[in-house]
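Below is one structure, written out as structure tokens, with a few remarks after it.
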Protein chains: 2
Amino acid sequence: MPDKLADMRTIKFLLHEVLKLEELTQYPYYEDHSRETLDMAADTAYQLAHEVFWPSYQEFDQEGAQFDGHKVAVPKAMHEIWKQCAEGGWIGPNVSYDDGGQQFPITIHALACFLFNCGNTAAAMYLGLTYGAAHLIKTFGSKELQDLYMAKLFAGQYAGTMVLTEPDTGTSVGDMTTTASKSPDGDYYLLRGNKRFISGGDHDLTENIIHAVLARTEGAPPGIKGLSLFIVPKYRVNGDGSIGEWNDVTTTGIEHKMGLKGSATASLTFGDKGDCRAWLVGELNHGLRYMFELMNMARVFTGMQAVGVASAAYHCALEYSRTRLQGRDITSRDPLEPQIPIIQHPDVRLMLLKQRAVVEGCLGLFLYCARVHDQEHAVTDPEEQQRLHMLLEMLTPCCKAYGSDAAFESIRLAIQCHGGSGYSEEYPVAQMLRDCKVFSIYEGANGIQALDLLGRKVPMKGGMALQALNAEVSKTIAEAKELAPLKDLADKIESLQNEVVQATMHLGMLGLSGKVNQYLCNATAYLEMFSHLAISWQLLMQAVVAQKVLDAGSTEENFYRGKIETARCYAGYNVPHGIATAQMLTADERTALDFKPEWF
Amino acid sequence: MPDKLADMRTIKFLLHEVLKLEELTQYPYYEDHSRETLDMAADTAYQLAHEVFWPSYQEFDQEGAQFDGHKVAVPKAMHEIWKQCAEGGWIGPNVSYDDGGQQFPITIHALACFLFNCGNTAAAMYLGLTYGAAHLIKTFGSKELQDLYMAKLFAGQYAGTMVLTEPDTGTSVGDMTTTASKSPDGDYYLLRGNKRFISGGDHDLTENIIHAVLARTEGAPPGIKGLSLFIVPKYRVNGDGSIGEWNDVTTTGIEHKMGLKGSATASLTFGDKGDCRAWLVGELNHGLRYMFELMNMARVFTGMQAVGVASAAYHCALEYSRTRLQGRDITSRDPLEPQIPIIQHPDVRLMLLKQRAVVEGCLGLFLYCARVHDQEHAVTDPEEQQRLHMLLEMLTPCCKAYGSDAAFESIRLAIQCHGGSGYSEEYPVAQMLRDCKVFSIYEGANGIQALDLLGRKVPMKGGMALQALNAEVSKTIAEAKELAPLKDLADKIESLQNEVVQATMHLGMLGLSGKVNQYLCNATAYLEMFSHLAISWQLLMQAVVAQKVLDAGSTEENFYRGKIETARCYAGYNVPHGIATAQMLTADERTALDFKPEWF
């Protein structure tokens with residue numbers, strides 16, 4: 001078992017030394033906060049993760065969510081986790097005082113999400129979904145919907161879900177067939193349809209579950225432009241806030257999944273008895289747009305989930321590698337010499353370092369995104385707001401797709417460090433791999449993220465978003481070049497940046513000349529290359545801070561040297577592959593595009 | 001469910017068109033065989049895989065091997081699988097007539113192993129282990145041991161195991177502490193010690209289990225040079241062949257693993273009552289050497305296991321992608337157009353093609369190795385034997401390590417093709433990923449394989465083994481260059497070959513100058529690069545045959561074009577990364593080597 005799930009010293013380094021989160025407190029929304037309150041929140045979240053989430057991690061897997069044919073029961077320990085999180089205000093710590101929150105930066109919320117996922121990712125799901133539904137109502141819902149549901153969701157009295165997928169409609173959201181028809185008196189809609197893969201779709205945690213459901217009204221345009229967003233409670237809520245009748249939402253089953261077993265993934269039938277009442281959010285046919293406006297942070301959070309698990313796995317592997325004695329230095333031929341901890345074998349150390357780089361690089365990126373989001377909402381200059389928003393738009397697909405893929409690979413290495421024990425469920429790393437697999441699939445499969453990056457984000461506003469990001473990367477590279485020990489590293493990352501720019505221009509020309517399929521056929525490789533740059537840049541940003549502190553004579557040499565050399569390691573092993581990918585893209589690799597289905 | 005587990009047309013192509021297996025029948029040992037008997041064996045093995053192994057694949061996972069505190073029960077369906085395989089002579093189809101076998105080439109045995117692993121990898125384990133123990137006895141055991149055990153093992157009346165690992169001794173085999181002391185009358189040894197992770201260590205399949213155990217005799221040298229090999233039956237066997245007393249081998253538990261649950265991975269205590277009798281195989285202190293002489297094929301077979309699972313997963317993904325309708329072509333904006341099968345999306349097609357390339361490239365490599373092994377045992381010229389043996393030595397670590405890692409990655413892609421359904425245990429791909437994970441760990445963890453390749457095989461006989469392999473690669477490249485449509489592809493692979501040679505020479509100089517840690521610290525990256533070359537070469541070999549057949553006017557255009565474009569795809573996506581790795585090696589990347597444990 002690991003002695004820790006995440007490194008709080010690194011987290012404080014990121015929050016304060018790299019991201020200067022405290023500077024937010026100069027803006028009115030955050031004015032009550034200070035470095036102390038931010039730290040206290042971070043420490044409390046870690047404590048919850050370690051003492052409340054983590055102890056039942058393996059129990060959640062063994063027990064799983066249970067479906068008795070009618071209703072779902074969550075793992076027993078989930079009730080206490082929910083209670084403590086609800087009481088501590090952890091469903092929406094960034095929510096305004098008016099809505100019962102504590103007005104923390106979303107960076108703190110994101111960090112808490114990360115830490116809870118370090119502790120128990122299935123358990124953390126229930127919180128995130130509830131926040132998502134409440135946030136939708138807050139942002140787009142009528143006052144009536146807000147009054148009925150919002151406070152109860154943020155307080156954890158109700159739970160929430162996001163309901164999109166149908167048995168035949170996953171990625172192709174626009175093809176969903178669930179219908180909503182106006183009720184005779186026009187007060188509400190009647191919903192009818194089957195939904196699948198609904199995380200937290202049913203459970204016994206709360207007295208009510210509030211579903212945010214996409215459906216199509218009669219006469220709506222086909223495709224995604226005809227989807228509207230509805231609030232559908234499991235039980236109707238009376239005007240006085242008391243629980244009313246069952247709302248004809250039936251749980252028909254839960255998935256038997258590879259992992260994340262404590263999180264109930266339900267199939268739901270809406271309106272089997274013809275009386276499932278749904279209330280429209282905002283305007284008709286704007287449903288997907290509403291969902292999408294929250295998507296950026298939702299996708300950053302999905303990356304967080306994955307890397308949270310990878311952080312816990314990394315610390316398991318680190319602990320194991322420090323204590324497991326096996327073999328001797330490769331230059332020793334004397335079998336009577338005492339055995340050494342496996343961390344001393346270069347191959348194991350490299351595996352650990354690769355895990356560490358993923359965890360610290362991705363966490364840095366996620367918190368950076370959250371910090372940008374906070375800044376965007378704090379500043380008033382529209383141009384700066386737009387710039388910040390574009391940064392977030394560019395980085396979101398990397399957070400989600402690279403975060404989830406790199407986390408999976410990182411946990412694979414954690415298992416490898418454990419040898420045979422890693423394959424045994426006695427240690428938690430096998431479960432972590434199983435739990436983590438889903439993050440590359442849900443919240444938009446990673447192939448979709450890649451199309452989003454290359455097909456939508458890169459050409460966004462005539463390439464301005466990409467330029468905005470590139471400017472940030474260049475700034476960090478320039479800063480690093482000023483520091484002699486980092487010059488080589490900065491040069492290396494700059495060489496990747498140049499190749500990425502070249503490849504992007506090349507692809508852009510293909511797109512402009514109408515060769516859309518050629519332009520997009522290697523989107524996944526593009527995203528990986530782009531992410532190598534993004535993570536190298538984030539780690540370089542950390543290295544710059546670390547080098548400056550060392551130059552100023554810090555006594556924490558191990559800590560700061562660790563940061564610098566982690567950046568160097570990541571770039572050393574990934575920049576060459578990023579460049580290779582860029583060159584492959586520029587050379588118009590298209591075998592797969594031309595491969596005919598009948599050749600399989 | 002897939003309509004097939006492996007493509008028999010491809011297998012026939014490999015056996016006959018690429019490897020010309022039939023040519024073996026000119027040698028005395030195989031003279032009774034013909035293309036017909038070889039095909040019949042291949043078809044029968046596939047039929048067994050499909051009709052006997054596969055139907056209980058998911059059942060094995062749900063039921064698992066069961067331990068009641070005393071003994072282990074295998075999944076119920078295993079009994080029938082064992083019976084059919086034993087009756088069909090599938091434990092050792094390559095064994096000589098004298099030993100009750102059918103004198104098939106080991107290539108046929110390897111193919112059967114591959115196919116059985118396509119069908120049910122946990123089930124196939126029991127066969128392989130039994131063959132291994134029997135083969136040890138046949139090769140190194142006394143006539144007495146052979147008479148007592150061999151025929152019964154090959155016939156499946158007994159089962160066998162290979163017993164190395166101890167709770168504190170995995171990779172560092174030389175540190176094992178199990179001891180063997182001579183019995184008072186000197187007829188046998190008394191064994192005492194605890195072993196762990198013993199595949200097939202206990203079960204109820206057969207009336208007896210014959211353990212091949214490494215242990216240390218009193219006064220033996222420390223380390224690997226003091227290990228001897230013993231045969232230790234679970235029940236002693238009387239002189240007349242009847243089962244005698246229990247031999248003090250106690251099962252203390254089985255692992256709860258991430259996958260491969262139908263295969264019992266037991267902890268065994270030998271000699272708890274002080275009366276566990278063990279019989280020496282061959283000479284004292286040569287135990288590890290005996291094990292190692294069988295290691296090459298054992299490691300090729302481990303790669304086979306992994307890629308067998310990947311083949312089944314690939315066919316699941318192919319079937320799913322052909323039938324799952326989702327979305328439209330990226331250039332279509334009309335939501336009323338009918339949806340298309342996801343195989344038509346370039347990203348999905350690329351994922352399928354990557355899987356296919358791994359399966360066909362690795363299978364090609366494994367069968368090539370088996371074919372080389374057969375050839376080595378058929379020819380009489382010692383120089384040619386040595387050359388063939390060196391080829392096998394060079395390729396073995398790639399088969400095992402790259403085979404298992406690439407198979408795992410391939411199955412990850414198979415899951416991704418399935419979307420959310422891939423994460424559900426309703427489809428078999430999730431189990432395949434879980435089952436496959438172990439192959440990177442056991443039979444020498446992949447990090448060890450990498451050290452074996454770079455530290456032992458590359459410098460073997462002054463680099464002659466590497467040269468022998470390089471000559472083979474060059475031969476294929478030269479052949480491909482003669483065929484106009486393959487010239488580009490051949491050039492690309494040659495560029496990787498050149499970089500590999502450069503990097504190897506660079507590393508060799510480091511090794512010679514005593515910088516052993518620097519020389520070996522990127523062994524894993526080296527193995528991956530080397531394997532990219534090996535697989536590109538194998539696929540090129542297939543492409544050369546295919547192109548010639550097409551040039552001669554074949555009507556099977558889809559089949560042969562598929563082979564050529566699969567080779568092109570693999571090289572297109574992997575050669576650039578192989579070259580990037582070579583350049584990283586030449587640039588002496590050593591961050592991980594220099595990273596101090598206290599920096600973590």
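If you're wondering about the labels, chains in the structure tokens are A, B, ... by order shown, residues count from 1 in each chain, ligands from 1 in order shown.
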
For chain A versus chain B, which residues have an atom no more than 6 Å away, and what is each residue's nearest atom pair and distance in Å rounded to one decimal, using only C-alpha atoms, chain-then-number order, as JSON lines?
{"residue": "A:Ser172", "atom": "CA", "partner": "B:Gly327", "partner_atom": "CA", "distance": 5.0}
{"residue": "A:Gly223", "atom": "CA", "partner": "B:Pro335", "partner_atom": "CA", "distance": 4.9}
{"residue": "A:His256", "atom": "CA", "partner": "B:Ser424", "partner_atom": "CA", "distance": 5.6}
{"residue": "A:Lys257", "atom": "CA", "partner": "B:Ser424", "partner_atom": "CA", "distance": 4.3}
{"residue": "A:Met258", "atom": "CA", "partner": "B:Tyr423", "partner_atom": "CA", "distance": 5.7}
{"residue": "A:Gln326", "atom": "CA", "partner": "B:Ser172", "partner_atom": "CA", "distance": 5.8}
{"residue": "A:Gly327", "atom": "CA", "partner": "B:Ser172", "partner_atom": "CA", "distance": 5.0}
{"residue": "A:Pro335", "atom": "CA", "partner": "B:Gly223", "partner_atom": "CA", "distance": 5.0}
{"residue": "A:Pro346", "atom": "CA", "partner": "B:Leu593", "partner_atom": "CA", "distance": 5.5}
{"residue": "A:Leu350", "atom": "CA", "partner": "B:Ala592", "partner_atom": "CA", "distance": 5.0}
{"residue": "A:Gly419", "atom": "CA", "partner": "B:Ile441", "partner_atom": "CA", "distance": 5.9}
{"residue": "A:Tyr423", "atom": "CA", "partner": "B:Met258", "partner_atom": "CA", "distance": 5.7}
{"residue": "A:Ser424", "atom": "CA", "partner": "B:Lys257", "partner_atom": "CA", "distance": 4.3}
{"residue": "A:Glu425", "atom": "CA", "partner": "B:Lys257", "partner_atom": "CA", "distance": 5.4}
{"residue": "A:Ile441", "atom": "CA", "partner": "B:Gly419", "partner_atom": "CA", "distance": 5.9}
{"residue": "A:Cys521", "atom": "CA", "partner": "B:Pro346", "partner_atom": "CA", "distance": 5.6}
{"residue": "A:Asn558", "atom": "CA", "partner": "B:Trp599", "partner_atom": "CA", "distance": 4.8}
{"residue": "A:Gly562", "atom": "CA", "partner": "B:Trp599", "partner_atom": "CA", "distance": 4.7}
{"residue": "A:Cys569", "atom": "CA", "partner": "B:Thr591", "partner_atom": "CA", "distance": 5.4}
{"residue": "A:Pro576", "atom": "CA", "partner": "B:Ala580", "partner_atom": "CA", "distance": 5.3}
{"residue": "A:His577", "atom": "CA", "partner": "B:His577", "partner_atom": "CA", "distance": 5.7}
{"residue": "A:Ala580", "atom": "CA", "partner": "B:Pro576", "partner_atom": "CA", "distance": 5.3}
{"residue": "A:Thr591", "atom": "CA", "partner": "B:Cys569", "partner_atom": "CA", "distance": 5.4}
{"residue": "A:Ala592", "atom": "CA", "partner": "B:Leu350", "partner_atom": "CA", "distance": 5.0}
{"residue": "A:Leu593", "atom": "CA", "partner": "B:Pro346", "partner_atom": "CA", "distance": 5.5}
{"residue": "A:Trp599", "atom": "CA", "partner": "B:Gly562", "partner_atom": "CA", "distance": 4.7}

Keeping C-alpha atoms, export the residues of the selection given above as a compact mmCIF listing (two decimals), in the first residue's frame.
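Done, and the output landed in selection-v1.txt:
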# COMPACT_ATOMS: atom_id res chain seq x y z
CA SER A 172 -23.17 9.99 -33.05
CA GLY A 223 -29.30 15.71 -36.13
CA HIS A 256 -20.90 -5.43 -15.72
CA LYS A 257 -17.73 -3.52 -16.35
CA MET A 258 -14.05 -4.22 -16.41
CA GLN A 326 15.75 -8.05 -6.05
CA GLY A 327 19.02 -8.59 -7.86
CA PRO A 335 25.80 -13.40 -5.75
CA PRO A 346 17.93 1.82 -14.29
CA LEU A 350 13.04 4.89 -15.92
CA GLY A 419 6.32 -7.82 -11.35
CA TYR A 423 -0.99 -8.95 -11.77
CA SER A 424 -2.45 -10.05 -8.45
CA GLU A 425 -5.47 -8.18 -7.13
CA ILE A 441 -13.87 6.04 -24.01
CA CYS A 521 -6.95 10.81 -41.03
CA ASN A 558 16.22 17.14 -4.01
CA GLY A 562 13.60 16.28 -9.23
CA CYS A 569 13.40 12.91 -18.94
CA PRO A 576 12.07 12.62 -30.65
CA HIS A 577 8.81 10.73 -31.10
CA ALA A 580 8.96 11.70 -35.88
CA THR A 591 -2.06 3.87 -45.83
CA ALA A 592 -4.97 3.47 -43.45
CA LEU A 593 -7.07 5.98 -45.33
CA TRP A 599 -8.87 -5.96 -47.86

List every residue of stretch 48-137 of chain B that DSSP, applied to the backbone, labels as strand (DSSP E), and write the result as a PDB file with N, CA and C atoms, in the first residue's frame.
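Final output, saved to part_16.pdb:
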ATOM      1  N   GLN B  66     -10.668 -22.704  -8.536  1.00  0.00           N
ATOM      2  CA  GLN B  66     -11.157 -22.581  -7.160  1.00  0.00           C
ATOM      3  C   GLN B  66     -10.251 -23.339  -6.196  1.00  0.00           C
ATOM      4  N   PHE B  67      -9.971 -22.717  -5.062  1.00  0.00           N
ATOM      5  CA  PHE B  67      -9.156 -23.360  -4.024  1.00  0.00           C
ATOM      6  C   PHE B  67     -10.009 -23.473  -2.762  1.00  0.00           C
ATOM      7  N   VAL B  72      -7.145 -27.602  -5.545  1.00  0.00           N
ATOM      8  CA  VAL B  72      -7.620 -26.679  -6.564  1.00  0.00           C
ATOM      9  C   VAL B  72      -8.515 -27.414  -7.564  1.00  0.00           C
ATOM     10  N   ALA B  73      -9.624 -26.779  -7.918  1.00  0.00           N
ATOM     11  CA  ALA B  73     -10.475 -27.303  -8.987  1.00  0.00           C
ATOM     12  C   ALA B  73     -10.406 -26.346 -10.169  1.00  0.00           C
TER      13      ALA B  73
END

- Skipping near chain neighbours, those fewer than 5 positions away, what residues fall within 10 Å of A:Glu31 using only C-alpha atoms, listed as an MDAnalysis selection string? chainID A and resid 22:26 103:104

- Item | DSSP helix (DSSP H, G or I) residues within stretch 95-204 of chain B, listed as a PyMOL selection string | chain B and resi 97-99+106-119+121-140+143-154+173-175

- Message: So that I can check the surroundings of stretch 270-277 of chain B, please list as a PyMOL selection string every protein, DNA and RNA residue that reaches within 7 Å of it, counting only C-alpha atoms and ignoring chain neighbours fewer than 3 positions away.
- Response: chain B and resi 188-194+232+247-250

Store the residues picked out above, limited to N, CA and C atoms, as an mmCIF file, in the first residue's frame.
data_model
loop_
_atom_site.group_PDB
_atom_site.id
_atom_site.type_symbol
_atom_site.label_atom_id
_atom_site.label_comp_id
_atom_site.auth_asym_id
_atom_site.auth_seq_id
_atom_site.Cartn_x
_atom_site.Cartn_y
_atom_site.Cartn_z
ATOM 1 N N TYR B 188 17.392 -40.374 -3.490
ATOM 2 C CA TYR B 188 16.660 -39.175 -3.917
ATOM 3 C C TYR B 188 17.065 -38.023 -2.997
ATOM 4 N N TYR B 189 16.455 -36.888 -3.226
ATOM 5 C CA TYR B 189 16.705 -35.717 -2.380
ATOM 6 C C TYR B 189 15.437 -35.389 -1.611
ATOM 7 N N LEU B 190 15.636 -34.710 -0.500
ATOM 8 C CA LEU B 190 14.484 -34.204 0.245
ATOM 9 C C LEU B 190 14.417 -32.698 0.039
ATOM 10 N N LEU B 191 13.272 -32.260 -0.414
ATOM 11 C CA LEU B 191 13.119 -30.854 -0.797
ATOM 12 C C LEU B 191 12.414 -30.097 0.312
ATOM 13 N N ARG B 192 12.822 -28.836 0.467
ATOM 14 C CA ARG B 192 12.167 -28.003 1.465
ATOM 15 C C ARG B 192 12.158 -26.546 0.976
ATOM 16 N N GLY B 193 10.982 -25.999 0.876
ATOM 17 C CA GLY B 193 10.923 -24.593 0.479
ATOM 18 C C GLY B 193 9.533 -24.183 0.027
ATOM 19 N N ASN B 194 9.384 -22.880 -0.140
ATOM 20 C CA ASN B 194 8.104 -22.316 -0.581
ATOM 21 C C ASN B 194 8.242 -21.730 -1.978
ATOM 22 N N VAL B 232 9.727 -33.511 -9.083
ATOM 23 C CA VAL B 232 9.021 -33.716 -7.819
ATOM 24 C C VAL B 232 7.556 -34.001 -8.131
ATOM 25 N N ASN B 247 3.307 -36.899 -1.842
ATOM 26 C CA ASN B 247 4.734 -36.589 -1.735
ATOM 27 C C ASN B 247 5.019 -35.299 -0.964
ATOM 28 N N ASP B 248 4.155 -34.979 -0.035
ATOM 29 C CA ASP B 248 4.410 -33.812 0.830
ATOM 30 C C ASP B 248 4.569 -32.498 0.035
ATOM 31 N N VAL B 249 3.724 -32.347 -0.971
ATOM 32 C CA VAL B 249 3.640 -31.084 -1.711
ATOM 33 C C VAL B 249 2.289 -30.475 -1.361
ATOM 34 N N THR B 250 2.322 -29.326 -0.677
ATOM 35 C CA THR B 250 1.083 -28.746 -0.160
ATOM 36 C C THR B 250 0.729 -27.471 -0.909
#

- Note on the structure: note - atom CA of A:Tyr46 and atom CA of A:Asp3 are separated by 12.8 Å
